[in-house]
>>> print(open('query.pdb').read())   # PDB, C-alpha atoms
ATOM      1  CA  MET R  18      -5.506  13.532 -41.017  1.00  0.00           C
ATOM      2  CA  THR R  19      -6.963  16.849 -42.197  1.00  0.00           C
ATOM      3  CA  ARG R  20      -6.894  18.051 -45.689  1.00  0.00           C
ATOM      4  CA  THR R  21      -5.871  21.598 -46.525  1.00  0.00           C
ATOM      5  CA  LYS R  22      -7.066  23.377 -49.623  1.00  0.00           C
ATOM      6  CA  LYS R  23      -4.403  23.638 -52.259  1.00  0.00           C
ATOM      7  CA  THR R  24      -4.387  26.401 -54.817  1.00  0.00           C
ATOM      8  CA  GLY R  25      -3.483  24.962 -58.148  1.00  0.00           C
ATOM      9  CA  THR R  26      -0.527  26.258 -60.092  1.00  0.00           C
ATOM     10  CA  LYS R  27      -2.782  26.755 -63.110  1.00  0.00           C
ATOM     11  CA  ALA R  28      -4.954  29.232 -61.202  1.00  0.00           C
ATOM     12  CA  ARG R  29      -1.936  31.172 -59.911  1.00  0.00           C
ATOM     13  CA  GLY R  30      -0.328  31.190 -63.353  1.00  0.00           C
ATOM     14  CA  GLY R  31      -3.546  32.529 -64.912  1.00  0.00           C
ATOM     15  CA  ARG R  32      -3.762  35.380 -62.386  1.00  0.00           C
ATOM     16  CA  VAL R  33      -0.125  36.297 -62.927  1.00  0.00           C
ATOM     17  CA  ALA R  34      -0.661  36.332 -66.695  1.00  0.00           C
ATOM     18  CA  VAL R  35      -3.719  38.616 -66.419  1.00  0.00           C
ATOM     19  CA  ILE R  36      -1.966  41.017 -64.036  1.00  0.00           C
ATOM     20  CA  GLY R  37       1.096  41.092 -66.290  1.00  0.00           C
ATOM     21  CA  ALA R  38      -1.020  41.811 -69.373  1.00  0.00           C
ATOM     22  CA  LEU R  39      -2.849  44.657 -67.611  1.00  0.00           C
ATOM     23  CA  GLY R  40       0.448  46.132 -66.438  1.00  0.00           C
ATOM     24  CA  LEU R  41       1.913  45.963 -69.947  1.00  0.00           C
ATOM     25  CA  ALA R  42      -1.190  47.631 -71.402  1.00  0.00           C
ATOM     26  CA  ALA R  43      -0.984  50.435 -68.826  1.00  0.00           C
ATOM     27  CA  VAL R  44       2.691  51.071 -69.585  1.00  0.00           C
ATOM     28  CA  THR R  45       2.035  51.038 -73.338  1.00  0.00           C
ATOM     29  CA  LEU R  46      -0.822  53.546 -73.078  1.00  0.00           C
ATOM     30  CA  ALA R  47       1.229  55.817 -70.829  1.00  0.00           C
ATOM     31  CA  ALA R  48       4.137  55.815 -73.287  1.00  0.00           C
ATOM     32  CA  VAL R  49       2.021  56.884 -76.284  1.00  0.00           C
ATOM     33  CA  PRO R  50       1.781  60.694 -76.436  1.00  0.00           C
ATOM     34  CA  ALA R  51      -1.649  62.252 -76.719  1.00  0.00           C
ATOM     35  CA  PHE R  52      -1.953  64.690 -79.598  1.00  0.00           C
ATOM     36  CA  ALA R  53      -4.581  67.378 -79.614  1.00  0.00           C
ATOM     37  CA  LYS R  54      -6.018  68.238 -82.964  1.00  0.00           C
ATOM     38  CA  GLY R  55      -5.404  71.804 -83.903  1.00  0.00           C
ATOM     39  CA  ASP R  56      -4.077  73.961 -86.667  1.00  0.00           C
ATOM     40  CA  VAL R  57      -3.315  77.510 -87.666  1.00  0.00           C
ATOM     41  CA  ASP R  58      -3.720  78.907 -91.183  1.00  0.00           C
ATOM     42  CA  ILE R  59      -2.402  82.220 -92.474  1.00  0.00           C
ATOM     43  CA  THR R  60      -3.158  84.113 -95.680  1.00  0.00           C
ATOM     44  CA  ALA R  61      -1.084  86.951 -97.132  1.00  0.00           C
ATOM     45  CA  PRO R  62      -0.423  88.309-100.631  1.00  0.00           C
ATOM     46  CA  HIS R  63       2.706  87.097-102.434  1.00  0.00           C
ATOM     47  CA  THR R  64       3.676  90.591-103.531  1.00  0.00           C
ATOM     48  CA  ALA R  65       2.813  94.133-102.522  1.00  0.00           C
ATOM     49  CA  HIS R  66       3.778  97.621-103.632  1.00  0.00           C
ATOM     50  CA  VAL R  67       5.511 100.197-101.433  1.00  0.00           C
ATOM     51  CA  GLY R  68       2.913 102.402 -99.721  1.00  0.00           C
ATOM     52  CA  LYS R  69      -0.046 100.105-100.473  1.00  0.00           C
ATOM     53  CA  THR R  70      -2.000  98.359 -97.727  1.00  0.00           C
ATOM     54  CA  ILE R  71      -1.037  94.745 -96.959  1.00  0.00           C
ATOM     55  CA  THR R  72      -3.772  92.615 -95.364  1.00  0.00           C
ATOM     56  CA  VAL R  73      -2.789  89.450 -93.505  1.00  0.00           C
ATOM     57  CA  THR R  74      -5.434  87.161 -91.994  1.00  0.00           C
ATOM     58  CA  ALA R  75      -5.167  84.049 -89.857  1.00  0.00           C
ATOM     59  CA  HIS R  76      -7.442  81.618 -88.067  1.00  0.00           C
ATOM     60  CA  GLY R  77      -6.693  78.787 -85.722  1.00  0.00           C
ATOM     61  CA  ASP R  78      -8.243  76.337 -83.301  1.00  0.00           C
ATOM     62  CA  ASP R  79      -7.272  73.563 -80.925  1.00  0.00           C
ATOM     63  CA  ASP R  80      -9.523  71.003 -79.279  1.00  0.00           C
ATOM     64  CA  SER R  81      -7.744  71.198 -75.911  1.00  0.00           C
ATOM     65  CA  ALA R  82     -10.498  71.075 -73.330  1.00  0.00           C
ATOM     66  CA  GLY R  83     -10.683  73.950 -70.882  1.00  0.00           C
ATOM     67  CA  TYR R  84      -8.586  76.369 -72.905  1.00  0.00           C
ATOM     68  CA  LEU R  85      -9.379  79.769 -74.234  1.00  0.00           C
ATOM     69  CA  HIS R  86      -7.487  80.584 -77.410  1.00  0.00           C
ATOM     70  CA  GLN R  87      -5.727  83.721 -78.529  1.00  0.00           C
ATOM     71  CA  LEU R  88      -4.255  84.058 -82.007  1.00  0.00           C
ATOM     72  CA  CYS R  89      -1.449  86.525 -82.720  1.00  0.00           C
ATOM     73  CA  LEU R  90       0.116  87.635 -86.001  1.00  0.00           C
ATOM     74  CA  GLU R  91       3.863  88.161 -85.881  1.00  0.00           C
ATOM     75  CA  GLU R  92       6.028  89.998 -88.411  1.00  0.00           C
ATOM     76  CA  LYS R  93       9.729  89.890 -89.222  1.00  0.00           C
ATOM     77  CA  GLY R  94      11.427  92.024 -91.809  1.00  0.00           C
ATOM     78  CA  PHE R  95      13.788  94.831 -92.702  1.00  0.00           C
ATOM     79  CA  GLY R  96      16.417  93.693 -90.189  1.00  0.00           C
ATOM     80  CA  GLU R  97      14.043  93.389 -87.227  1.00  0.00           C
ATOM     81  CA  GLY R  98      13.256  90.249 -85.237  1.00  0.00           C
ATOM     82  CA  TRP R  99       9.845  88.680 -84.747  1.00  0.00           C
ATOM     83  CA  HIS R 100       7.328  91.015 -83.119  1.00  0.00           C
ATOM     84  CA  GLN R 101       3.565  90.916 -82.661  1.00  0.00           C
ATOM     85  CA  GLU R 102       1.467  92.943 -85.059  1.00  0.00           C
ATOM     86  CA  ALA R 103      -2.034  92.061 -83.847  1.00  0.00           C
ATOM     87  CA  CYS R 104      -3.782  89.615 -81.502  1.00  0.00           C
ATOM     88  CA  SER R 105      -7.348  88.382 -81.283  1.00  0.00           C
ATOM     89  CA  ALA R 106      -9.453  88.453 -78.151  1.00  0.00           C
ATOM     90  CA  ALA R 107      -9.390  85.357 -75.927  1.00  0.00           C
ATOM     91  CA  VAL R 108     -12.114  83.064 -77.292  1.00  0.00           C
ATOM     92  CA  LYS R 109     -13.266  79.495 -76.913  1.00  0.00           C
ATOM     93  CA  GLY R 110     -13.144  77.764 -80.281  1.00  0.00           C
ATOM     94  CA  ASP R 111     -11.981  79.254 -83.580  1.00  0.00           C
ATOM     95  CA  ALA R 112      -9.831  82.396 -83.181  1.00  0.00           C
ATOM     96  CA  ARG R 113      -9.426  84.880 -86.046  1.00  0.00           C
ATOM     97  CA  VAL R 114      -7.200  87.902 -86.490  1.00  0.00           C
ATOM     98  CA  THR R 115      -6.555  90.384 -89.307  1.00  0.00           C
ATOM     99  CA  ALA R 116      -3.754  92.936 -89.595  1.00  0.00           C
ATOM    100  CA  HIS R 117      -3.483  95.828 -92.053  1.00  0.00           C
ATOM    101  CA  GLY R 118      -0.241  97.672 -92.650  1.00  0.00           C
ATOM    102  CA  LYS R 119       1.883  99.491 -95.194  1.00  0.00           C
ATOM    103  CA  ALA R 120       5.477  98.795 -96.121  1.00  0.00           C
ATOM    104  CA  ALA R 121       7.623 101.918 -96.301  1.00  0.00           C
ATOM    105  CA  HIS R 122      10.335 100.443 -98.552  1.00  0.00           C
ATOM    106  CA  ARG R 123      11.252  97.461-100.700  1.00  0.00           C
ATOM    107  CA  GLY R 124      12.243  94.103 -99.299  1.00  0.00           C
ATOM    108  CA  ASN R 125      10.748  90.928 -97.874  1.00  0.00           C
ATOM    109  CA  LEU R 126       8.336  90.762 -94.964  1.00  0.00           C
ATOM    110  CA  GLU R 127       7.690  87.450 -93.203  1.00  0.00           C
ATOM    111  CA  PHE R 128       4.523  86.698 -91.275  1.00  0.00           C
ATOM    112  CA  ARG R 129       3.435  83.835 -89.044  1.00  0.00           C
ATOM    113  CA  ALA R 130       0.446  83.177 -86.809  1.00  0.00           C
ATOM    114  CA  VAL R 131       0.821  81.722 -83.318  1.00  0.00           C
ATOM    115  CA  LEU R 132      -2.043  80.170 -81.336  1.00  0.00           C
ATOM    116  CA  TYR R 133      -1.819  80.468 -77.545  1.00  0.00           C
ATOM    117  CA  GLY R 134      -3.809  78.625 -74.879  1.00  0.00           C
ATOM    118  CA  LEU R 135      -5.001  80.583 -71.852  1.00  0.00           C
ATOM    119  CA  THR R 136      -6.609  79.428 -68.618  1.00  0.00           C
ATOM    120  CA  SER R 137      -8.586  82.691 -68.224  1.00  0.00           C
ATOM    121  CA  LYS R 138      -9.139  85.934 -70.142  1.00  0.00           C
ATOM    122  CA  HIS R 139      -6.455  87.634 -68.044  1.00  0.00           C
ATOM    123  CA  ASP R 140      -3.868  84.831 -68.078  1.00  0.00           C
ATOM    124  CA  HIS R 141      -0.358  86.333 -67.918  1.00  0.00           C
ATOM    125  CA  HIS R 142       1.357  83.062 -68.863  1.00  0.00           C
ATOM    126  CA  PRO R 143      -0.124  81.822 -72.158  1.00  0.00           C
ATOM    127  CA  VAL R 144       1.012  78.472 -73.530  1.00  0.00           C
ATOM    128  CA  ARG R 145       2.085  78.294 -77.173  1.00  0.00           C
ATOM    129  CA  LEU R 146      -0.010  75.565 -78.828  1.00  0.00           C
ATOM    130  CA  HIS R 147       0.591  75.858 -82.583  1.00  0.00           C
ATOM    131  CA  ALA R 148       2.306  78.088 -85.119  1.00  0.00           C
ATOM    132  CA  SER R 149       1.616  78.459 -88.820  1.00  0.00           C
ATOM    133  CA  ASP R 150       4.127  78.187 -91.584  1.00  0.00           C
ATOM    134  CA  VAL R 151       5.955  81.397 -92.402  1.00  0.00           C
ATOM    135  CA  VAL R 152       4.622  83.314 -95.417  1.00  0.00           C
ATOM    136  CA  THR R 153       6.741  85.874 -97.264  1.00  0.00           C
ATOM    137  CA  VAL R 154       5.436  89.060 -98.871  1.00  0.00           C
ATOM    138  CA  HIS R 155       7.779  90.566-101.471  1.00  0.00           C
ATOM    139  CA  VAL R 156       7.450  94.362-101.332  1.00  0.00           C
ATOM    140  CA  ARG R 157       8.402  96.104-104.617  1.00  0.00           C
TER     141      ARG R 157
END
>>> encode(input="query.pdb", output="structure tokens")
Amino acid sequence: MTRTKKTGTKARGGRVAVIGALGLAAVTLAAVPAFAKGDVDITAPHTAHVGKTITVTAHGDDDSAGYLHQLCLEEKGFGEGWHQEACSAAVKGDARVTAHGKAAHRGNLEFRAVLYGLTSKHDHHPVRLHASDVVTVHVR
């Protein structure tokens, strides 16, 4: 009579438990979204006078690897929709932009800054990464 090697049920159960735990860990890590750290800040005066220069500045950054950043200031006011006032050059790291303008009449102007990610300096399809809060300038 020859003996054959038997694999114990404890050994098989241990392997199944390890494989199951690794599979559960992989599924859990895949389900958790990855957040890139980034922000956009905007500064504008609270009030301005008709005909006087309004200066709006913004800076923003995102730690997305491999991206160039471009920061744009957008304005909305006097019955118009959002439109770009000024954009920075495509840079790696902290992007800054400043816009100067004059309001022709009274009312509220809203500004926001939007940070875009680009794959090259001439990317025609930028990806919107972050936007600032909207700031309102009361023109009197």
>>> residues_around(input="query.pdb", residues="range 99-103 of chain R", least_positions_apart="6", cutoff="10 Å", atoms="only C-alpha atoms", output="ChimeraX atom specification")
/R:88-93,114-118,127-131
>>> atom_distance(input="query.pdb", atom1="CA of Thr153 in chain R", atom2="CA of Gly110 in chain R")
27.4 Å
>>> atom_distance(input="query.pdb", atom1="CA of Val151 in chain R", atom2="CA of Asp78 in chain R")
17.6 Å
>>> atom_distance(input="query.pdb", atom1="CA of Val67 in chain R", atom2="CA of Arg157 in chain R")
5.9 Å
>>> residues_around(input="query.pdb", residues="Pro143 in chain R", least_positions_apart="2", cutoff="7 Å", atoms="all atoms listed in the file", output="PyMOL selection string")
chain R and resi 133-135+140-141+145
>>> axis_aligned_box(input="query.pdb", around="range 56-68 of chain R", padding_each_side="8 Å", output="JSON")
{"center_x": 0.7, "center_y": 88.2, "center_z": -95.1, "size_x": 25.6, "size_y": 44.4, "size_z": 33.0}
>>> resolve_selection(input="query.pdb", expression="the PyMOL selection byres ((chain R and resi 148) around 7)", output="PyMOL selection string")
chain R and resi 57+130-132+147+149-150
>>> resolve_selection(input="query.pdb", expression="the PyMOL selection byres ((chain R and resi 119-124) around 8)", output="list in words")
His66, Val67, Gly68, Lys69, Thr70, Ile71, Gly94, Phe95, His117, Gly118, Asn125, Leu126, His155, Val156 and Arg157 of chain R
>>> resolve_selection(input="query.pdb", expression="the PyMOL selection byres ((chain R and resi 113) around 8)", output="list in words")
Thr74, Ala75, His76, Gly77, Leu88, Ser105, Asp111, Ala112, Val114 and Thr115 of chain R
>>> build_atoms(input="query.pdb", residues="range 109-143 of chain R", atoms="N, CA and C atoms", output="tab-separated table (two decimals), in the frame of the given file")
chain	number	residue	atom	x	y	z
R	109	LYS	N	-13.18	80.95	-76.96
R	109	LYS	CA	-13.27	79.50	-76.91
R	109	LYS	C	-13.65	79.05	-78.33
R	110	GLY	N	-12.86	78.20	-78.92
R	110	GLY	CA	-13.14	77.76	-80.28
R	110	GLY	C	-12.23	78.45	-81.28
R	111	ASP	N	-12.75	78.72	-82.47
R	111	ASP	CA	-11.98	79.25	-83.58
R	111	ASP	C	-11.61	80.71	-83.34
R	112	ALA	N	-10.32	81.02	-83.35
R	112	ALA	CA	-9.83	82.40	-83.18
R	112	ALA	C	-9.43	82.95	-84.54
R	113	ARG	N	-9.76	84.22	-84.78
R	113	ARG	CA	-9.43	84.88	-86.05
R	113	ARG	C	-8.80	86.23	-85.76
R	114	VAL	N	-7.85	86.60	-86.62
R	114	VAL	CA	-7.20	87.90	-86.49
R	114	VAL	C	-6.83	88.41	-87.89
R	115	THR	N	-6.92	89.73	-88.05
R	115	THR	CA	-6.56	90.38	-89.31
R	115	THR	C	-5.68	91.58	-88.98
R	116	ALA	N	-4.63	91.78	-89.77
R	116	ALA	CA	-3.75	92.94	-89.60
R	116	ALA	C	-3.63	93.66	-90.93
R	117	HIS	N	-3.66	94.98	-90.88
R	117	HIS	CA	-3.48	95.83	-92.05
R	117	HIS	C	-2.27	96.70	-91.81
R	118	GLY	N	-1.41	96.82	-92.80
R	118	GLY	CA	-0.24	97.67	-92.65
R	118	GLY	C	0.32	98.07	-94.00
R	119	LYS	N	1.23	99.01	-93.97
R	119	LYS	CA	1.88	99.49	-95.19
R	119	LYS	C	3.39	99.34	-95.05
R	120	ALA	N	4.02	98.90	-96.11
R	120	ALA	CA	5.48	98.80	-96.12
R	120	ALA	C	6.05	100.10	-96.64
R	121	ALA	N	7.04	100.63	-95.94
R	121	ALA	CA	7.62	101.92	-96.30
R	121	ALA	C	8.69	101.79	-97.39
R	122	HIS	N	9.31	100.61	-97.52
R	122	HIS	CA	10.34	100.44	-98.55
R	122	HIS	C	10.36	99.00	-99.03
R	123	ARG	N	11.18	98.78	-100.07
R	123	ARG	CA	11.25	97.46	-100.70
R	123	ARG	C	11.95	96.44	-99.82
R	124	GLY	N	11.61	95.19	-100.03
R	124	GLY	CA	12.24	94.10	-99.30
R	124	GLY	C	11.24	92.99	-99.04
R	125	ASN	N	11.61	92.06	-98.22
R	125	ASN	CA	10.75	90.93	-97.87
R	125	ASN	C	10.24	91.07	-96.45
R	126	LEU	N	8.96	90.82	-96.28
R	126	LEU	CA	8.34	90.76	-94.96
R	126	LEU	C	7.88	89.33	-94.74
R	127	GLU	N	8.14	88.80	-93.55
R	127	GLU	CA	7.69	87.45	-93.20
R	127	GLU	C	6.63	87.56	-92.12
R	128	PHE	N	5.61	86.73	-92.24
R	128	PHE	CA	4.52	86.70	-91.28
R	128	PHE	C	4.29	85.27	-90.83
R	129	ARG	N	3.87	85.13	-89.57
R	129	ARG	CA	3.44	83.84	-89.04
R	129	ARG	C	2.33	84.10	-88.03
R	130	ALA	N	1.51	83.09	-87.81
R	130	ALA	CA	0.45	83.18	-86.81
R	130	ALA	C	0.75	82.17	-85.71
R	131	VAL	N	0.54	82.59	-84.46
R	131	VAL	CA	0.82	81.72	-83.32
R	131	VAL	C	-0.44	81.64	-82.47
R	132	LEU	N	-0.86	80.41	-82.16
R	132	LEU	CA	-2.04	80.17	-81.34
R	132	LEU	C	-1.59	79.88	-79.91
R	133	TYR	N	-2.15	80.64	-78.96
R	133	TYR	CA	-1.82	80.47	-77.54
R	133	TYR	C	-3.03	79.93	-76.79
R	134	GLY	N	-2.77	79.11	-75.78
R	134	GLY	CA	-3.81	78.62	-74.88
R	134	GLY	C	-3.75	79.39	-73.58
R	135	LEU	N	-4.92	79.82	-73.09
R	135	LEU	CA	-5.00	80.58	-71.85
R	135	LEU	C	-5.96	79.88	-70.90
R	136	THR	N	-5.71	80.03	-69.61
R	136	THR	CA	-6.61	79.43	-68.62
R	136	THR	C	-7.73	80.38	-68.23
R	137	SER	N	-7.54	81.70	-68.48
R	137	SER	CA	-8.59	82.69	-68.22
R	137	SER	C	-8.35	83.86	-69.18
R	138	LYS	N	-9.29	84.80	-69.24
R	138	LYS	CA	-9.14	85.93	-70.14
R	138	LYS	C	-7.96	86.82	-69.77
R	139	HIS	N	-7.54	86.78	-68.51
R	139	HIS	CA	-6.46	87.63	-68.04
R	139	HIS	C	-5.22	86.82	-67.67
R	140	ASP	N	-5.01	85.70	-68.34
R	140	ASP	CA	-3.87	84.83	-68.08
R	140	ASP	C	-2.58	85.53	-68.52
R	141	HIS	N	-1.62	85.67	-67.60
R	141	HIS	CA	-0.36	86.33	-67.92
R	141	HIS	C	0.72	85.36	-68.39
R	142	HIS	N	0.39	84.07	-68.43
R	142	HIS	CA	1.36	83.06	-68.86
R	142	HIS	C	0.72	82.15	-69.91
R	143	PRO	N	0.48	82.66	-71.13
R	143	PRO	CA	-0.12	81.82	-72.16
R	143	PRO	C	0.83	80.71	-72.60
